[in-house]
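Reproduced below: start-v1.tsv, with TSV, N, CA and C atoms.
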```tsv
chain	number	residue	atom	x	y	z
A	1	MET	N	-5.36	12.75	24.20
A	1	MET	CA	-5.28	12.85	22.74
A	1	MET	C	-5.06	11.45	22.15
A	2	SER	N	-5.78	11.13	21.11
A	2	SER	CA	-5.68	9.79	20.52
A	2	SER	C	-4.47	9.70	19.58
A	3	GLN	N	-3.98	8.50	19.42
A	3	GLN	CA	-2.84	8.25	18.55
A	3	GLN	C	-3.27	8.26	17.09
A	4	SER	N	-2.36	8.69	16.23
A	4	SER	CA	-2.62	8.63	14.79
A	4	SER	C	-2.57	7.18	14.33
A	5	LEU	N	-3.12	6.91	13.18
A	5	LEU	CA	-3.05	5.57	12.62
A	5	LEU	C	-1.58	5.18	12.43
A	6	PHE	N	-0.74	6.10	12.02
A	6	PHE	CA	0.69	5.85	11.87
A	6	PHE	C	1.27	5.29	13.17
A	7	GLU	N	0.96	5.93	14.27
A	7	GLU	CA	1.46	5.47	15.57
A	7	GLU	C	0.90	4.10	15.92
A	8	ARG	N	-0.39	3.89	15.62
A	8	ARG	CA	-1.01	2.60	15.93
A	8	ARG	C	-0.51	1.49	15.02
A	9	LEU	N	0.04	1.85	13.85
A	9	LEU	CA	0.66	0.86	12.97
A	9	LEU	C	2.02	0.43	13.50
A	10	GLY	N	2.55	1.18	14.44
A	10	GLY	CA	3.84	0.83	15.03
A	10	GLY	C	4.96	1.79	14.72
A	11	GLY	N	4.63	2.94	14.12
A	11	GLY	CA	5.65	3.94	13.84
A	11	GLY	C	6.50	3.60	12.63
A	12	ALA	N	7.55	4.37	12.45
A	12	ALA	CA	8.37	4.30	11.24
A	12	ALA	C	8.96	2.92	10.97
A	13	GLU	N	9.48	2.28	11.99
A	13	GLU	CA	10.11	0.97	11.77
A	13	GLU	C	9.10	-0.07	11.29
A	14	ASN	N	7.93	-0.11	11.93
A	14	ASN	CA	6.95	-1.10	11.51
A	14	ASN	C	6.31	-0.72	10.18
A	15	VAL	N	6.15	0.56	9.91
A	15	VAL	CA	5.62	0.97	8.61
A	15	VAL	C	6.58	0.51	7.50
A	16	GLN	N	7.88	0.62	7.73
A	16	GLN	CA	8.83	0.14	6.73
A	16	GLN	C	8.73	-1.37	6.57
A	17	ARG	N	8.56	-2.10	7.66
A	17	ARG	CA	8.38	-3.55	7.56
A	17	ARG	C	7.10	-3.90	6.79
A	18	ILE	N	6.04	-3.14	7.04
A	18	ILE	CA	4.78	-3.36	6.31
A	18	ILE	C	5.00	-3.12	4.82
A	19	ALA	N	5.67	-2.03	4.48
A	19	ALA	CA	5.95	-1.71	3.08
A	19	ALA	C	6.79	-2.81	2.43
A	20	ASN	N	7.80	-3.29	3.15
A	20	ASN	CA	8.64	-4.37	2.62
A	20	ASN	C	7.81	-5.61	2.35
A	21	SER	N	6.97	-5.98	3.30
A	21	SER	CA	6.11	-7.16	3.15
A	21	SER	C	5.13	-6.97	1.99
A	22	LEU	N	4.59	-5.77	1.87
A	22	LEU	CA	3.61	-5.50	0.83
A	22	LEU	C	4.22	-5.67	-0.56
A	23	VAL	N	5.38	-5.08	-0.78
A	23	VAL	CA	6.04	-5.20	-2.09
A	23	VAL	C	6.41	-6.66	-2.34
A	24	ASP	N	6.93	-7.35	-1.33
A	24	ASP	CA	7.25	-8.77	-1.47
A	24	ASP	C	6.01	-9.57	-1.82
A	25	ASN	N	4.89	-9.27	-1.15
A	25	ASN	CA	3.63	-9.97	-1.44
A	25	ASN	C	3.20	-9.74	-2.89
A	26	HIS	N	3.31	-8.50	-3.36
A	26	HIS	CA	2.94	-8.20	-4.75
A	26	HIS	C	3.81	-8.99	-5.73
A	27	GLN	N	5.10	-9.08	-5.43
A	27	GLN	CA	6.02	-9.76	-6.33
A	27	GLN	C	5.80	-11.27	-6.37
A	28	SER	N	5.18	-11.82	-5.33
A	28	SER	CA	4.93	-13.26	-5.32
A	28	SER	C	3.47	-13.63	-5.58
A	29	ASN	N	2.61	-12.64	-5.75
A	29	ASN	CA	1.19	-12.89	-5.99
A	29	ASN	C	0.98	-13.18	-7.48
A	30	PRO	N	0.56	-14.39	-7.85
A	30	PRO	CA	0.44	-14.72	-9.27
A	30	PRO	C	-0.54	-13.84	-10.05
A	31	LEU	N	-1.47	-13.22	-9.36
A	31	LEU	CA	-2.43	-12.35	-10.06
A	31	LEU	C	-1.81	-11.03	-10.51
A	32	ILE	N	-0.76	-10.58	-9.83
A	32	ILE	CA	-0.19	-9.26	-10.16
A	32	ILE	C	1.33	-9.24	-10.26
A	33	SER	N	1.98	-10.36	-10.04
A	33	SER	CA	3.45	-10.38	-9.99
A	33	SER	C	4.10	-9.87	-11.28
A	34	THR	N	3.46	-10.09	-12.43
A	34	THR	CA	4.08	-9.63	-13.68
A	34	THR	C	4.21	-8.11	-13.72
A	35	ARG	N	3.38	-7.42	-13.00
A	35	ARG	CA	3.45	-5.95	-12.95
A	35	ARG	C	4.64	-5.47	-12.10
A	36	PHE	N	5.22	-6.37	-11.33
A	36	PHE	CA	6.29	-6.00	-10.42
A	36	PHE	C	7.62	-6.67	-10.79
A	37	GLN	N	7.70	-7.27	-11.97
A	37	GLN	CA	8.91	-7.97	-12.39
A	37	GLN	C	10.10	-7.04	-12.59
A	38	ASN	N	9.87	-5.90	-13.15
A	38	ASN	CA	10.97	-5.03	-13.55
A	38	ASN	C	11.14	-3.81	-12.66
A	39	ILE	N	10.69	-3.90	-11.42
A	39	ILE	CA	10.88	-2.77	-10.52
A	39	ILE	C	12.13	-2.98	-9.69
A	40	ASP	N	12.71	-1.89	-9.24
A	40	ASP	CA	13.81	-1.95	-8.28
A	40	ASP	C	13.16	-1.98	-6.90
A	41	SER	N	13.21	-3.11	-6.24
A	41	SER	CA	12.46	-3.34	-5.01
A	41	SER	C	12.79	-2.37	-3.88
A	42	GLU	N	14.05	-2.11	-3.65
A	42	GLU	CA	14.42	-1.30	-2.49
A	42	GLU	C	13.88	0.13	-2.57
A	43	PRO	N	14.08	0.85	-3.68
A	43	PRO	CA	13.49	2.20	-3.75
A	43	PRO	C	11.96	2.16	-3.71
A	44	THR	N	11.37	1.12	-4.29
A	44	THR	CA	9.91	0.99	-4.26
A	44	THR	C	9.43	0.82	-2.83
A	45	LYS	N	10.11	0.02	-2.06
A	45	LYS	CA	9.73	-0.20	-0.66
A	45	LYS	C	9.83	1.10	0.13
A	46	LEU	N	10.84	1.90	-0.15
A	46	LEU	CA	10.98	3.19	0.55
A	46	LEU	C	9.83	4.13	0.21
A	47	VAL	N	9.46	4.20	-1.07
A	47	VAL	CA	8.36	5.08	-1.48
A	47	VAL	C	7.03	4.59	-0.92
A	48	VAL	N	6.84	3.27	-0.88
A	48	VAL	CA	5.61	2.72	-0.30
A	48	VAL	C	5.53	3.07	1.19
A	49	ALA	N	6.66	2.99	1.88
A	49	ALA	CA	6.67	3.37	3.30
A	49	ALA	C	6.36	4.86	3.46
A	50	GLN	N	6.89	5.69	2.58
A	50	GLN	CA	6.56	7.13	2.61
A	50	GLN	C	5.07	7.32	2.42
A	51	PHE	N	4.51	6.61	1.44
A	51	PHE	CA	3.09	6.72	1.12
A	51	PHE	C	2.23	6.34	2.32
A	52	ILE	N	2.57	5.23	2.97
A	52	ILE	CA	1.82	4.79	4.14
A	52	ILE	C	1.96	5.80	5.27
A	53	SER	N	3.17	6.26	5.50
A	53	SER	CA	3.41	7.23	6.57
A	53	SER	C	2.61	8.51	6.35
A	54	THR	N	2.70	9.05	5.17
A	54	THR	CA	1.99	10.30	4.87
A	54	THR	C	0.49	10.13	4.99
A	55	GLY	N	-0.03	9.00	4.49
A	55	GLY	CA	-1.47	8.76	4.49
A	55	GLY	C	-2.07	8.41	5.84
A	56	THR	N	-1.20	8.13	6.81
A	56	THR	CA	-1.71	7.71	8.12
A	56	THR	C	-1.33	8.66	9.24
A	57	GLY	N	-0.82	9.83	8.88
A	57	GLY	CA	-0.50	10.83	9.89
A	57	GLY	C	0.92	10.80	10.40
A	58	GLY	N	1.80	10.13	9.66
A	58	GLY	CA	3.20	10.07	10.05
A	58	GLY	C	3.97	11.31	9.64
A	59	PRO	N	5.24	11.37	10.03
A	59	PRO	CA	6.05	12.56	9.79
A	59	PRO	C	6.68	12.66	8.41
A	60	THR	N	6.59	11.60	7.62
A	60	THR	CA	7.28	11.55	6.33
A	60	THR	C	6.44	12.19	5.24
A	61	ASN	N	7.10	12.85	4.31
A	61	ASN	CA	6.42	13.42	3.15
A	61	ASN	C	6.57	12.47	1.97
A	62	TYR	N	5.46	12.13	1.35
A	62	TYR	CA	5.45	11.26	0.18
A	62	TYR	C	6.02	12.03	-1.01
A	63	THR	N	7.00	11.43	-1.68
A	63	THR	CA	7.65	12.10	-2.81
A	63	THR	C	7.29	11.48	-4.15
A	64	GLY	N	6.45	10.46	-4.14
A	64	GLY	CA	6.08	9.79	-5.39
A	64	GLY	C	4.96	10.52	-6.11
A	65	GLN	N	4.59	9.97	-7.25
A	65	GLN	CA	3.49	10.52	-8.04
A	65	GLN	C	2.15	10.22	-7.37
A	66	ASP	N	1.13	10.98	-7.74
A	66	ASP	CA	-0.20	10.68	-7.24
A	66	ASP	C	-0.69	9.37	-7.88
A	67	MET	N	-1.69	8.77	-7.28
A	67	MET	CA	-2.16	7.46	-7.72
A	67	MET	C	-2.69	7.46	-9.14
A	68	LEU	N	-3.37	8.52	-9.54
A	68	LEU	CA	-3.92	8.58	-10.89
A	68	LEU	C	-2.81	8.53	-11.92
A	69	ASN	N	-1.79	9.37	-11.78
A	69	ASN	CA	-0.69	9.40	-12.74
A	69	ASN	C	0.18	8.15	-12.67
A	70	THR	N	0.35	7.62	-11.49
A	70	THR	CA	1.15	6.40	-11.33
A	70	THR	C	0.53	5.23	-12.09
A	71	HIS	N	-0.78	5.12	-12.08
A	71	HIS	CA	-1.45	3.96	-12.65
A	71	HIS	C	-2.08	4.22	-14.02
A	72	LYS	N	-1.94	5.42	-14.53
A	72	LYS	CA	-2.52	5.79	-15.82
A	72	LYS	C	-1.97	4.89	-16.93
A	73	GLY	N	-2.87	4.35	-17.73
A	73	GLY	CA	-2.48	3.53	-18.86
A	73	GLY	C	-2.10	2.10	-18.51
A	74	MET	N	-2.20	1.73	-17.25
A	74	MET	CA	-1.83	0.37	-16.85
A	74	MET	C	-2.97	-0.63	-17.02
A	75	ASN	N	-4.18	-0.13	-17.23
A	75	ASN	CA	-5.36	-0.99	-17.43
A	75	ASN	C	-5.52	-2.01	-16.30
A	76	ILE	N	-5.47	-1.54	-15.09
A	76	ILE	CA	-5.60	-2.40	-13.92
A	76	ILE	C	-7.06	-2.81	-13.77
A	77	SER	N	-7.27	-4.09	-13.57
A	77	SER	CA	-8.62	-4.63	-13.43
A	77	SER	C	-9.07	-4.61	-11.98
A	78	ALA	N	-10.37	-4.81	-11.79
A	78	ALA	CA	-10.92	-4.89	-10.44
A	78	ALA	C	-10.34	-6.09	-9.70
A	79	VAL	N	-10.10	-7.19	-10.39
A	79	VAL	CA	-9.52	-8.38	-9.77
A	79	VAL	C	-8.11	-8.07	-9.27
A	80	GLU	N	-7.33	-7.36	-10.08
A	80	GLU	CA	-5.98	-6.99	-9.66
A	80	GLU	C	-6.02	-6.04	-8.46
A	81	PHE	N	-6.95	-5.12	-8.46
A	81	PHE	CA	-7.08	-4.19	-7.36
A	81	PHE	C	-7.37	-4.94	-6.05
A	82	VAL	N	-8.27	-5.89	-6.11
A	82	VAL	CA	-8.59	-6.69	-4.92
A	82	VAL	C	-7.37	-7.50	-4.48
A	83	ALA	N	-6.59	-7.99	-5.43
A	83	ALA	CA	-5.37	-8.73	-5.09
A	83	ALA	C	-4.40	-7.83	-4.32
A	84	VAL	N	-4.31	-6.58	-4.72
A	84	VAL	CA	-3.46	-5.61	-4.01
A	84	VAL	C	-3.98	-5.40	-2.59
A	85	LEU	N	-5.28	-5.26	-2.45
A	85	LEU	CA	-5.87	-5.10	-1.12
A	85	LEU	C	-5.60	-6.32	-0.24
A	86	ASP	N	-5.75	-7.50	-0.83
A	86	ASP	CA	-5.48	-8.74	-0.08
A	86	ASP	C	-4.02	-8.78	0.38
A	87	ASP	N	-3.11	-8.39	-0.52
A	87	ASP	CA	-1.69	-8.35	-0.17
A	87	ASP	C	-1.43	-7.36	0.97
A	88	ALA	N	-2.12	-6.24	0.92
A	88	ALA	CA	-1.94	-5.22	1.96
A	88	ALA	C	-2.42	-5.75	3.32
A	89	LEU	N	-3.58	-6.39	3.33
A	89	LEU	CA	-4.09	-6.95	4.58
A	89	LEU	C	-3.15	-8.02	5.12
A	90	ALA	N	-2.61	-8.84	4.24
A	90	ALA	CA	-1.66	-9.87	4.67
A	90	ALA	C	-0.39	-9.25	5.25
A	91	ALA	N	0.09	-8.18	4.63
A	91	ALA	CA	1.30	-7.49	5.11
A	91	ALA	C	1.04	-6.87	6.48
A	92	LEU	N	-0.12	-6.29	6.65
A	92	LEU	CA	-0.47	-5.69	7.94
A	92	LEU	C	-0.55	-6.76	9.03
A	93	ALA	N	-1.25	-7.85	8.75
A	93	ALA	CA	-1.40	-8.92	9.74
A	93	ALA	C	-0.05	-9.54	10.08
A	94	ALA	N	0.79	-9.73	9.08
A	94	ALA	CA	2.10	-10.35	9.31
A	94	ALA	C	3.01	-9.48	10.17
A	95	ASN	N	2.68	-8.19	10.24
A	95	ASN	CA	3.51	-7.26	11.01
A	95	ASN	C	2.81	-6.78	12.27
A	96	GLY	N	1.88	-7.60	12.76
A	96	GLY	CA	1.27	-7.38	14.07
A	96	GLY	C	0.27	-6.25	14.16
A	97	VAL	N	-0.29	-5.84	13.03
A	97	VAL	CA	-1.27	-4.75	13.04
A	97	VAL	C	-2.64	-5.31	13.41
A	98	GLY	N	-3.32	-4.63	14.32
A	98	GLY	CA	-4.62	-5.07	14.81
A	98	GLY	C	-5.74	-4.92	13.79
A	99	GLN	N	-6.85	-5.59	14.07
A	99	GLN	CA	-8.00	-5.60	13.17
A	99	GLN	C	-8.52	-4.20	12.86
A	100	ARG	N	-8.67	-3.36	13.88
A	100	ARG	CA	-9.21	-2.01	13.66
A	100	ARG	C	-8.32	-1.23	12.70
A	101	GLU	N	-7.01	-1.31	12.89
A	101	GLU	CA	-6.07	-0.59	12.04
A	101	GLU	C	-6.06	-1.17	10.62
A	102	GLN	N	-6.20	-2.49	10.52
A	102	GLN	CA	-6.30	-3.11	9.19
A	102	GLN	C	-7.52	-2.56	8.44
A	103	GLU	N	-8.63	-2.45	9.15
A	103	GLU	CA	-9.85	-1.93	8.52
A	103	GLU	C	-9.67	-0.48	8.10
A	104	GLU	N	-9.01	0.32	8.92
A	104	GLU	CA	-8.76	1.71	8.56
A	104	GLU	C	-7.86	1.82	7.33
A	105	MET	N	-6.84	0.97	7.27
A	105	MET	CA	-5.96	0.98	6.10
A	105	MET	C	-6.73	0.53	4.86
A	106	LEU	N	-7.56	-0.49	5.00
A	106	LEU	CA	-8.36	-0.96	3.88
A	106	LEU	C	-9.26	0.17	3.36
A	107	TYR	N	-9.84	0.93	4.25
A	107	TYR	CA	-10.68	2.05	3.86
A	107	TYR	C	-9.87	3.08	3.07
A	108	ILE	N	-8.68	3.40	3.56
A	108	ILE	CA	-7.81	4.37	2.88
A	108	ILE	C	-7.46	3.87	1.48
A	109	LEU	N	-7.03	2.62	1.40
A	109	LEU	CA	-6.63	2.07	0.11
A	109	LEU	C	-7.81	1.98	-0.84
A	110	TYR	N	-8.96	1.55	-0.34
A	110	TYR	CA	-10.14	1.42	-1.20
A	110	TYR	C	-10.60	2.78	-1.72
A	111	SER	N	-10.36	3.83	-0.95
A	111	SER	CA	-10.79	5.16	-1.38
A	111	SER	C	-10.05	5.62	-2.64
A	112	MET	N	-8.96	4.96	-2.98
A	112	MET	CA	-8.17	5.31	-4.18
A	112	MET	C	-8.57	4.48	-5.40
A	113	ARG	N	-9.57	3.65	-5.25
A	113	ARG	CA	-9.98	2.73	-6.31
A	113	ARG	C	-10.20	3.43	-7.65
A	114	SER	N	-10.91	4.52	-7.64
A	114	SER	CA	-11.24	5.19	-8.91
A	114	SER	C	-10.02	5.79	-9.58
A	115	ASP	N	-8.95	6.02	-8.86
A	115	ASP	CA	-7.71	6.52	-9.46
A	115	ASP	C	-6.82	5.41	-10.00
A	116	ILE	N	-7.16	4.17	-9.66
A	116	ILE	CA	-6.26	3.06	-10.00
A	116	ILE	C	-6.85	2.12	-11.04
A	117	ILE	N	-8.12	1.78	-10.91
A	117	ILE	CA	-8.75	0.84	-11.83
A	117	ILE	C	-9.04	1.51	-13.17
A	118	ALA	N	-8.74	0.79	-14.23
A	118	ALA	CA	-9.00	1.30	-15.58
A	118	ALA	C	-10.49	1.46	-15.79
A	119	VAL	N	-10.83	2.53	-16.42
A	119	VAL	CA	-12.24	2.80	-16.69
A	119	VAL	C	-12.58	2.42	-18.11
```
Rewritten as structure tokens:
Amino acid sequence: MSQSLFERLGGAENVQRIANSLVDNHQSNPLISTRFQNIDSEPTKLVVAQFISTGTGGPTNYTGQDMLNTHKGMNISAVEFVAVLDDALAALAANGVGQREQEEMLYILYSMRSDIIAV
């Protein structure tokens, strides 16, 4: 039996490290950092880890809002969306995630594009 993407990401501990890195990357990325100025980082990192776990076959249930409602009215541009993807790839690489798993995560994240980018 093959491992889930969650398992190949390194399980719960590494998924939390990935989430921590991702939020930190967003907060320091000049293209999108203003969107993350007024967030409480620790709860956000926990919800991001839940989101990654749930979306990759992990045992955690995501308790946050769906992507459409979360991003509604934010007028996110295509450039900002790509910046988020770049931050995600950097977080994955920094936490020892292999190329194949990075590509699978990129596919998952990109599949949400229409729920996130302003139309």
Item to check | Spatial neighbours of Met67 of chain A, 9 Å, only C-alpha atoms, chain gap at least 4 places, as a count of residues only | outcome: 5
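Closest approach to Arg17 of chain A from the set A:Ala78, A:Arg100, A:Ala49, A:Met105 is made by A:Ala49, with distances taken over only N, CA and C atoms.
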Next on the checklist: Env of Ile52 of chain A: 8 Å cut, atoms = only C-alpha atoms, seq-sep filter 2 positions within chain, self excluded. Answer as a VMD selection string.
Outcome noted: chain A and resid 6 15 19 48 to 50 54 to 56
Item to check | Members of chain A assigned alpha helix (DSSP H) by DSSP, as a PyMOL selection string | outcome: chain A and resi 5-8+11-28+41-55+67-71+78-94+99-110+113-116
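In this model, the gap between atom CA of Ile117 of chain A and atom CA of Ile32 of chain A comes to 13.3 Å.
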Next on the checklist: Please compute the atom CA of Asp40 of chain A-atom C of Val23 of chain A distance, one decimal, in Å.
Outcome noted: 10.6 Å
Checklist outcome for this item: Restricting to only C-alpha atoms, whichever of A:Asn20, A:Gln65, A:Asn75, A:Gln3 is closest to Asn95 of chain A is A:Asn20
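Separating atom CA of Val82 of chain A from atom CA of Leu106 of chain A is a distance of 10.5 Å.
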Next on the checklist: Please list as a PyMOL selection string every residue within 6.5 Å of Phe51 of chain A, counting all atoms listed in the file and excluding residues in the same chain fewer than 4 positions away.
Outcome noted: chain A and resi 46-47+55-56+61-63
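Closest to Leu31 of chain A among A:Ala83, A:Met74, A:Ala118, A:Leu5 is A:Ala83, based on all atoms listed in the file.
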